[in-house]
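K.L.:
Contents of run.txt (compact mmCIF, N, CA and C atoms) are below:
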# COMPACT_ATOMS: atom_id res chain seq x y z
N MET A 1 167.95 165.51 141.85
CA MET A 1 167.05 164.53 142.40
C MET A 1 165.64 164.81 141.90
N THR A 2 164.95 163.76 141.50
CA THR A 2 163.59 163.87 141.03
C THR A 2 162.64 163.75 142.22
N THR A 3 161.79 164.75 142.41
CA THR A 3 160.85 164.71 143.52
C THR A 3 159.49 164.21 143.05
N GLY A 4 158.64 163.87 144.00
CA GLY A 4 157.28 163.45 143.67
C GLY A 4 156.54 164.55 142.94
N ALA A 5 156.74 165.79 143.35
CA ALA A 5 156.09 166.92 142.67
C ALA A 5 156.56 167.03 141.22
N ASP A 6 157.85 166.82 140.99
CA ASP A 6 158.38 166.84 139.62
C ASP A 6 157.69 165.77 138.77
N LEU A 7 157.56 164.59 139.34
CA LEU A 7 156.94 163.49 138.60
C LEU A 7 155.48 163.78 138.28
N LEU A 8 154.76 164.33 139.24
CA LEU A 8 153.34 164.62 139.02
C LEU A 8 153.14 165.76 138.03
N THR A 9 154.13 166.60 137.87
CA THR A 9 154.06 167.65 136.84
C THR A 9 154.12 167.01 135.46
N LEU A 10 154.92 165.98 135.33
CA LEU A 10 155.04 165.27 134.05
C LEU A 10 153.82 164.43 133.74
N SER A 11 153.25 163.81 134.76
CA SER A 11 152.16 162.88 134.55
C SER A 11 151.29 162.84 135.79
N PRO A 12 150.01 163.16 135.68
CA PRO A 12 149.15 163.14 136.86
C PRO A 12 148.85 161.73 137.36
N VAL A 13 149.19 160.73 136.55
CA VAL A 13 149.02 159.33 136.91
C VAL A 13 150.37 158.64 136.78
N ILE A 14 150.73 157.87 137.81
CA ILE A 14 151.97 157.11 137.75
C ILE A 14 151.63 155.64 137.96
N PRO A 15 151.57 154.88 136.88
CA PRO A 15 151.26 153.46 137.04
C PRO A 15 152.40 152.73 137.73
N VAL A 16 152.02 151.85 138.63
CA VAL A 16 152.97 150.98 139.32
C VAL A 16 152.77 149.60 138.71
N VAL A 17 153.81 149.08 138.06
CA VAL A 17 153.69 147.91 137.22
C VAL A 17 154.62 146.80 137.70
N VAL A 18 154.11 145.57 137.69
CA VAL A 18 154.91 144.38 137.94
C VAL A 18 155.13 143.70 136.59
N VAL A 19 156.38 143.49 136.22
CA VAL A 19 156.71 142.88 134.94
C VAL A 19 157.37 141.52 135.18
N ASP A 20 156.77 140.48 134.63
CA ASP A 20 157.33 139.13 134.76
C ASP A 20 158.27 138.78 133.61
N ASP A 21 158.16 139.51 132.51
CA ASP A 21 158.98 139.26 131.32
C ASP A 21 159.53 140.61 130.84
N ALA A 22 160.84 140.77 130.90
CA ALA A 22 161.47 142.03 130.53
C ALA A 22 161.15 142.45 129.10
N ASP A 23 160.85 141.50 128.23
CA ASP A 23 160.51 141.82 126.84
C ASP A 23 159.17 142.54 126.72
N HIS A 24 158.34 142.47 127.74
CA HIS A 24 157.04 143.14 127.69
C HIS A 24 157.11 144.60 128.13
N ALA A 25 158.20 144.99 128.75
CA ALA A 25 158.31 146.32 129.34
C ALA A 25 158.31 147.44 128.30
N VAL A 26 159.04 147.29 127.23
CA VAL A 26 159.13 148.36 126.22
C VAL A 26 157.79 148.58 125.53
N PRO A 27 157.10 147.54 125.04
CA PRO A 27 155.79 147.80 124.43
C PRO A 27 154.80 148.42 125.42
N LEU A 28 154.87 148.01 126.67
CA LEU A 28 154.00 148.60 127.69
C LEU A 28 154.31 150.08 127.88
N ALA A 29 155.59 150.42 128.01
CA ALA A 29 155.99 151.82 128.18
C ALA A 29 155.60 152.65 126.96
N GLN A 30 155.75 152.11 125.77
CA GLN A 30 155.37 152.83 124.56
C GLN A 30 153.86 153.09 124.53
N ALA A 31 153.08 152.10 124.93
CA ALA A 31 151.62 152.27 124.96
C ALA A 31 151.22 153.32 125.99
N LEU A 32 151.84 153.30 127.15
CA LEU A 32 151.54 154.30 128.17
C LEU A 32 151.91 155.70 127.67
N LEU A 33 153.05 155.82 127.03
CA LEU A 33 153.49 157.10 126.50
C LEU A 33 152.50 157.62 125.46
N ARG A 34 152.05 156.74 124.56
CA ARG A 34 151.05 157.15 123.56
C ARG A 34 149.76 157.62 124.23
N GLY A 35 149.46 157.06 125.39
CA GLY A 35 148.27 157.45 126.13
C GLY A 35 148.46 158.69 127.00
N GLY A 36 149.63 159.28 126.94
CA GLY A 36 149.88 160.51 127.69
C GLY A 36 150.54 160.33 129.05
N VAL A 37 150.87 159.09 129.40
CA VAL A 37 151.55 158.82 130.67
C VAL A 37 153.05 158.93 130.43
N ARG A 38 153.71 159.81 131.19
CA ARG A 38 155.13 160.04 130.96
C ARG A 38 156.03 159.53 132.07
N VAL A 39 155.42 158.87 133.06
CA VAL A 39 156.18 158.32 134.19
C VAL A 39 155.65 156.92 134.46
N ILE A 40 156.54 155.97 134.73
CA ILE A 40 156.16 154.61 135.08
C ILE A 40 157.07 154.12 136.19
N GLU A 41 156.49 153.41 137.14
CA GLU A 41 157.28 152.79 138.20
C GLU A 41 157.18 151.28 138.04
N LEU A 42 158.32 150.64 137.87
CA LEU A 42 158.38 149.18 137.79
C LEU A 42 158.83 148.65 139.15
N THR A 43 158.08 147.72 139.69
CA THR A 43 158.43 147.18 140.99
C THR A 43 159.58 146.18 140.87
N LEU A 44 160.34 146.09 141.91
CA LEU A 44 161.45 145.13 141.95
C LEU A 44 161.00 143.81 142.58
N ARG A 45 159.81 143.38 142.24
CA ARG A 45 159.24 142.16 142.82
C ARG A 45 159.54 140.91 142.01
N THR A 46 160.09 141.06 140.82
CA THR A 46 160.34 139.89 139.97
C THR A 46 161.79 139.89 139.50
N PRO A 47 162.29 138.74 139.10
CA PRO A 47 163.65 138.67 138.57
C PRO A 47 163.85 139.49 137.29
N ALA A 48 162.77 139.78 136.58
CA ALA A 48 162.86 140.52 135.31
C ALA A 48 162.92 142.03 135.50
N ALA A 49 162.72 142.51 136.71
CA ALA A 49 162.54 143.95 136.94
C ALA A 49 163.71 144.81 136.48
N LEU A 50 164.92 144.47 136.88
CA LEU A 50 166.06 145.33 136.52
C LEU A 50 166.30 145.34 135.02
N ALA A 51 166.16 144.20 134.37
CA ALA A 51 166.30 144.17 132.91
C ALA A 51 165.20 144.98 132.25
N ALA A 52 164.00 144.94 132.81
CA ALA A 52 162.89 145.72 132.26
C ALA A 52 163.17 147.22 132.38
N ILE A 53 163.69 147.64 133.53
CA ILE A 53 164.04 149.05 133.72
C ILE A 53 165.11 149.45 132.71
N GLU A 54 166.11 148.62 132.55
CA GLU A 54 167.19 148.91 131.59
C GLU A 54 166.64 149.02 130.17
N ASN A 55 165.76 148.11 129.79
CA ASN A 55 165.18 148.14 128.44
C ASN A 55 164.38 149.41 128.20
N VAL A 56 163.54 149.77 129.16
CA VAL A 56 162.71 150.97 128.99
C VAL A 56 163.59 152.22 128.95
N ALA A 57 164.57 152.30 129.85
CA ALA A 57 165.45 153.48 129.87
C ALA A 57 166.19 153.64 128.55
N ARG A 58 166.58 152.54 127.95
CA ARG A 58 167.33 152.58 126.69
C ARG A 58 166.41 152.84 125.49
N GLU A 59 165.26 152.19 125.45
CA GLU A 59 164.42 152.20 124.25
C GLU A 59 163.31 153.25 124.25
N VAL A 60 162.94 153.73 125.43
CA VAL A 60 161.85 154.72 125.52
C VAL A 60 162.32 155.88 126.41
N PRO A 61 163.31 156.63 125.94
CA PRO A 61 163.87 157.69 126.79
C PRO A 61 162.90 158.83 127.09
N GLU A 62 161.78 158.88 126.37
CA GLU A 62 160.81 159.95 126.60
C GLU A 62 159.99 159.73 127.88
N ILE A 63 160.06 158.53 128.43
CA ILE A 63 159.32 158.22 129.65
C ILE A 63 160.29 158.18 130.82
N VAL A 64 159.87 158.68 131.96
CA VAL A 64 160.69 158.62 133.16
C VAL A 64 160.39 157.29 133.84
N ILE A 65 161.42 156.51 134.04
CA ILE A 65 161.27 155.17 134.62
C ILE A 65 161.80 155.19 136.05
N GLY A 66 161.05 154.55 136.92
CA GLY A 66 161.47 154.45 138.31
C GLY A 66 161.36 153.03 138.81
N ALA A 67 161.92 152.79 139.97
CA ALA A 67 161.88 151.47 140.60
C ALA A 67 161.07 151.56 141.88
N GLY A 68 160.19 150.61 142.06
CA GLY A 68 159.39 150.55 143.27
C GLY A 68 159.68 149.30 144.06
N THR A 69 159.13 149.25 145.24
CA THR A 69 159.33 148.14 146.16
C THR A 69 160.83 147.94 146.43
N VAL A 70 161.50 149.03 146.66
CA VAL A 70 162.93 148.99 146.98
C VAL A 70 163.05 148.72 148.48
N THR A 71 163.72 147.63 148.82
CA THR A 71 163.81 147.23 150.23
C THR A 71 165.20 147.32 150.82
N ALA A 72 166.19 147.66 150.00
CA ALA A 72 167.56 147.77 150.49
C ALA A 72 168.33 148.78 149.64
N PRO A 73 169.33 149.44 150.23
CA PRO A 73 170.11 150.41 149.48
C PRO A 73 170.72 149.84 148.20
N GLU A 74 171.16 148.59 148.26
CA GLU A 74 171.78 148.00 147.06
C GLU A 74 170.76 147.81 145.94
N HIS A 75 169.49 147.66 146.28
CA HIS A 75 168.44 147.58 145.24
C HIS A 75 168.29 148.94 144.55
N ALA A 76 168.32 150.01 145.33
CA ALA A 76 168.23 151.35 144.76
C ALA A 76 169.42 151.63 143.85
N GLU A 77 170.60 151.21 144.28
CA GLU A 77 171.81 151.40 143.47
C GLU A 77 171.72 150.62 142.16
N ALA A 78 171.27 149.37 142.24
CA ALA A 78 171.13 148.55 141.03
C ALA A 78 170.11 149.15 140.08
N ALA A 79 169.02 149.67 140.63
CA ALA A 79 167.98 150.28 139.80
C ALA A 79 168.52 151.54 139.11
N ALA A 80 169.27 152.34 139.84
CA ALA A 80 169.86 153.55 139.25
C ALA A 80 170.83 153.17 138.13
N LYS A 81 171.64 152.15 138.34
CA LYS A 81 172.57 151.70 137.30
C LYS A 81 171.82 151.19 136.07
N ALA A 82 170.64 150.62 136.29
CA ALA A 82 169.83 150.13 135.17
C ALA A 82 169.14 151.25 134.42
N GLY A 83 169.09 152.45 135.02
CA GLY A 83 168.49 153.59 134.33
C GLY A 83 167.32 154.22 135.04
N ALA A 84 166.99 153.77 136.23
CA ALA A 84 165.87 154.35 136.98
C ALA A 84 166.20 155.78 137.40
N ALA A 85 165.25 156.68 137.21
CA ALA A 85 165.42 158.07 137.60
C ALA A 85 165.00 158.31 139.04
N PHE A 86 164.22 157.39 139.60
CA PHE A 86 163.78 157.50 140.99
C PHE A 86 163.51 156.11 141.53
N SER A 87 163.40 156.03 142.83
CA SER A 87 163.01 154.77 143.45
C SER A 87 162.15 155.08 144.67
N SER A 88 161.29 154.13 144.98
CA SER A 88 160.44 154.30 146.17
C SER A 88 160.58 153.05 147.02
N ARG A 89 160.64 153.28 148.29
CA ARG A 89 160.83 152.14 149.18
C ARG A 89 159.50 151.55 149.59
N ARG A 90 159.55 150.32 149.97
CA ARG A 90 158.34 149.64 150.41
C ARG A 90 157.95 150.18 151.77
N ALA A 91 156.67 150.48 151.91
CA ALA A 91 156.16 150.94 153.21
C ALA A 91 156.18 149.80 154.20
N ARG A 92 156.49 150.11 155.41
CA ARG A 92 156.51 149.06 156.45
C ARG A 92 155.33 149.17 157.34
Turn the structure described in the file into structure tokens.
P.N.:
Amino acid sequence: MTTGADLLTLSPVIPVVVVDDADHAVPLAQALLRGGVRVIELTLRTPAALAAIENVAREVPEIVIGAGTVTAPEHAEAAAKAGAAFSSRRAR
């Protein structure tokens, strides 16, 4: 299991990103990686989110990808199947 401390060891900044187009996720992840960011959280707020997670996990394996705004166990399961290494639930 990846903990928050583990993630912060990799990257002192963890951008939380909303992606409306899954095709934009890989170039974004590559740019963040070039800038020294090794962890990214993509929110599950858009229909493109799971495909974006899958694309980043497949094409940019050097970055740790996570899912945010997880509101149900099945969302966490879908994110993990797409390649997310962690998920965070929405605060209530």
K.L.:
So which residues touch range 32-49 of chain A within 9 Å, counting only C-alpha atoms, skipping near sequence neighbours fewer than 2 positions away, as a ChimeraX atom specification?
P.N.:
/A:7-8,10-23,25,27-30,51-54,60,62-71,75,79,84,86-88
K.L.:
Go ahead and dump the residues you just picked, N, CA and C atoms, as a CSV table (one decimal), keeping the file's coordinate frame.
P.N.:
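Contents of the output file result_3.csv:
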chain,number,residue,atom,x,y,z
A,7,LEU,N,157.6,164.6,139.3
A,7,LEU,CA,156.9,163.5,138.6
A,7,LEU,C,155.5,163.8,138.3
A,8,LEU,N,154.8,164.3,139.2
A,8,LEU,CA,153.3,164.6,139.0
A,8,LEU,C,153.1,165.8,138.0
A,10,LEU,N,154.9,166.0,135.3
A,10,LEU,CA,155.0,165.3,134.0
A,10,LEU,C,153.8,164.4,133.7
A,11,SER,N,153.2,163.8,134.8
A,11,SER,CA,152.2,162.9,134.6
A,11,SER,C,151.3,162.8,135.8
A,12,PRO,N,150.0,163.2,135.7
A,12,PRO,CA,149.2,163.1,136.9
A,12,PRO,C,148.8,161.7,137.4
A,13,VAL,N,149.2,160.7,136.6
A,13,VAL,CA,149.0,159.3,136.9
A,13,VAL,C,150.4,158.6,136.8
A,14,ILE,N,150.7,157.9,137.8
A,14,ILE,CA,152.0,157.1,137.8
A,14,ILE,C,151.6,155.6,138.0
A,15,PRO,N,151.6,154.9,136.9
A,15,PRO,CA,151.3,153.5,137.0
A,15,PRO,C,152.4,152.7,137.7
A,16,VAL,N,152.0,151.8,138.6
A,16,VAL,CA,153.0,151.0,139.3
A,16,VAL,C,152.8,149.6,138.7
A,17,VAL,N,153.8,149.1,138.1
A,17,VAL,CA,153.7,147.9,137.2
A,17,VAL,C,154.6,146.8,137.7
A,18,VAL,N,154.1,145.6,137.7
A,18,VAL,CA,154.9,144.4,137.9
A,18,VAL,C,155.1,143.7,136.6
A,19,VAL,N,156.4,143.5,136.2
A,19,VAL,CA,156.7,142.9,134.9
A,19,VAL,C,157.4,141.5,135.2
A,20,ASP,N,156.8,140.5,134.6
A,20,ASP,CA,157.3,139.1,134.8
A,20,ASP,C,158.3,138.8,133.6
A,21,ASP,N,158.2,139.5,132.5
A,21,ASP,CA,159.0,139.3,131.3
A,21,ASP,C,159.5,140.6,130.8
A,22,ALA,N,160.8,140.8,130.9
A,22,ALA,CA,161.5,142.0,130.5
A,22,ALA,C,161.2,142.4,129.1
A,23,ASP,N,160.8,141.5,128.2
A,23,ASP,CA,160.5,141.8,126.8
A,23,ASP,C,159.2,142.5,126.7
A,25,ALA,N,158.2,145.0,128.8
A,25,ALA,CA,158.3,146.3,129.3
A,25,ALA,C,158.3,147.4,128.3
A,27,PRO,N,157.1,147.5,125.0
A,27,PRO,CA,155.8,147.8,124.4
A,27,PRO,C,154.8,148.4,125.4
A,28,LEU,N,154.9,148.0,126.7
A,28,LEU,CA,154.0,148.6,127.7
A,28,LEU,C,154.3,150.1,127.9
A,29,ALA,N,155.6,150.4,128.0
A,29,ALA,CA,156.0,151.8,128.2
A,29,ALA,C,155.6,152.6,127.0
A,30,GLN,N,155.8,152.1,125.8
A,30,GLN,CA,155.4,152.8,124.6
A,30,GLN,C,153.9,153.1,124.5
A,51,ALA,N,166.2,144.2,134.4
A,51,ALA,CA,166.3,144.2,132.9
A,51,ALA,C,165.2,145.0,132.2
A,52,ALA,N,164.0,144.9,132.8
A,52,ALA,CA,162.9,145.7,132.3
A,52,ALA,C,163.2,147.2,132.4
A,53,ILE,N,163.7,147.6,133.5
A,53,ILE,CA,164.0,149.0,133.7
A,53,ILE,C,165.1,149.4,132.7
A,54,GLU,N,166.1,148.6,132.6
A,54,GLU,CA,167.2,148.9,131.6
A,54,GLU,C,166.6,149.0,130.2
A,60,VAL,N,162.9,153.7,125.4
A,60,VAL,CA,161.8,154.7,125.5
A,60,VAL,C,162.3,155.9,126.4
A,62,GLU,N,161.8,158.9,126.4
A,62,GLU,CA,160.8,160.0,126.6
A,62,GLU,C,160.0,159.7,127.9
A,63,ILE,N,160.1,158.5,128.4
A,63,ILE,CA,159.3,158.2,129.6
A,63,ILE,C,160.3,158.2,130.8
A,64,VAL,N,159.9,158.7,132.0
A,64,VAL,CA,160.7,158.6,133.2
A,64,VAL,C,160.4,157.3,133.8
A,65,ILE,N,161.4,156.5,134.0
A,65,ILE,CA,161.3,155.2,134.6
A,65,ILE,C,161.8,155.2,136.0
A,66,GLY,N,161.0,154.6,136.9
A,66,GLY,CA,161.5,154.4,138.3
A,66,GLY,C,161.4,153.0,138.8
A,67,ALA,N,161.9,152.8,140.0
A,67,ALA,CA,161.9,151.5,140.6
A,67,ALA,C,161.1,151.6,141.9
A,68,GLY,N,160.2,150.6,142.1
A,68,GLY,CA,159.4,150.6,143.3
A,68,GLY,C,159.7,149.3,144.1
A,69,THR,N,159.1,149.2,145.2
A,69,THR,CA,159.3,148.1,146.2
A,69,THR,C,160.8,147.9,146.4
A,70,VAL,N,161.5,149.0,146.7
A,70,VAL,CA,162.9,149.0,147.0
A,70,VAL,C,163.0,148.7,148.5
A,71,THR,N,163.7,147.6,148.8
A,71,THR,CA,163.8,147.2,150.2
A,71,THR,C,165.2,147.3,150.8
A,75,HIS,N,169.5,147.7,146.3
A,75,HIS,CA,168.4,147.6,145.2
A,75,HIS,C,168.3,148.9,144.6
A,79,ALA,N,169.0,149.7,140.6
A,79,ALA,CA,168.0,150.3,139.8
A,79,ALA,C,168.5,151.5,139.1
A,84,ALA,N,167.0,153.8,136.2
A,84,ALA,CA,165.9,154.4,137.0
A,84,ALA,C,166.2,155.8,137.4
A,86,PHE,N,164.2,157.4,139.6
A,86,PHE,CA,163.8,157.5,141.0
A,86,PHE,C,163.5,156.1,141.5
A,87,SER,N,163.4,156.0,142.8
A,87,SER,CA,163.0,154.8,143.4
A,87,SER,C,162.2,155.1,144.7
A,88,SER,N,161.3,154.1,145.0
A,88,SER,CA,160.4,154.3,146.2
A,88,SER,C,160.6,153.0,147.0
K.L.:
Would you mind writing down, as a PyMOL selection string, each residue of range 11-79 of chain A that DSSP on the backbone assigns to helix (DSSP H, G or I)?
P.N.:
chain A and resi 22-34+49-59+73-79
K.L.:
As an exercise, work out the distance from atom C of Arg89 in chain A to CA of Asn55 in chain A in Å and give it to one decimal place.
P.N.:
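Separation between atom C of Arg89 in chain A and CA of Asn55 in chain A: 22.2 Å.
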K.L.:
DSSP on the backbone, then: every residue of chain A marked strand (DSSP E or B), written as number ranges by chain.
P.N.:
A: 16-17, 39-43, 64-70, 86-89
K.L.:
Show me, as lines of an AutoDock Vina configuration file, the centre and edge lengths in Å to one decimal of the axis-aligned box that covers every listed atom of range 7-25 of chain A with 8 Å on each side.
P.N.:
center_x = 155.2
center_y = 153.2
center_z = 133.0
size_x = 28.6
size_y = 44.9
size_z = 28.6
K.L.:
Please indicate the distance in Å from atom N of Glu77 in chain A to atom C of Ala31 in chain A, rounded to one decimal place.
P.N.:
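Interatomic distance here is 26.7 Å.
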K.L.:
To one decimal in Å, tell me the separation between atom C of Leu50 in chain A and CA of Ala80 in chain A.
P.N.:
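Distance reported for this atom pair: 9.9 Å.
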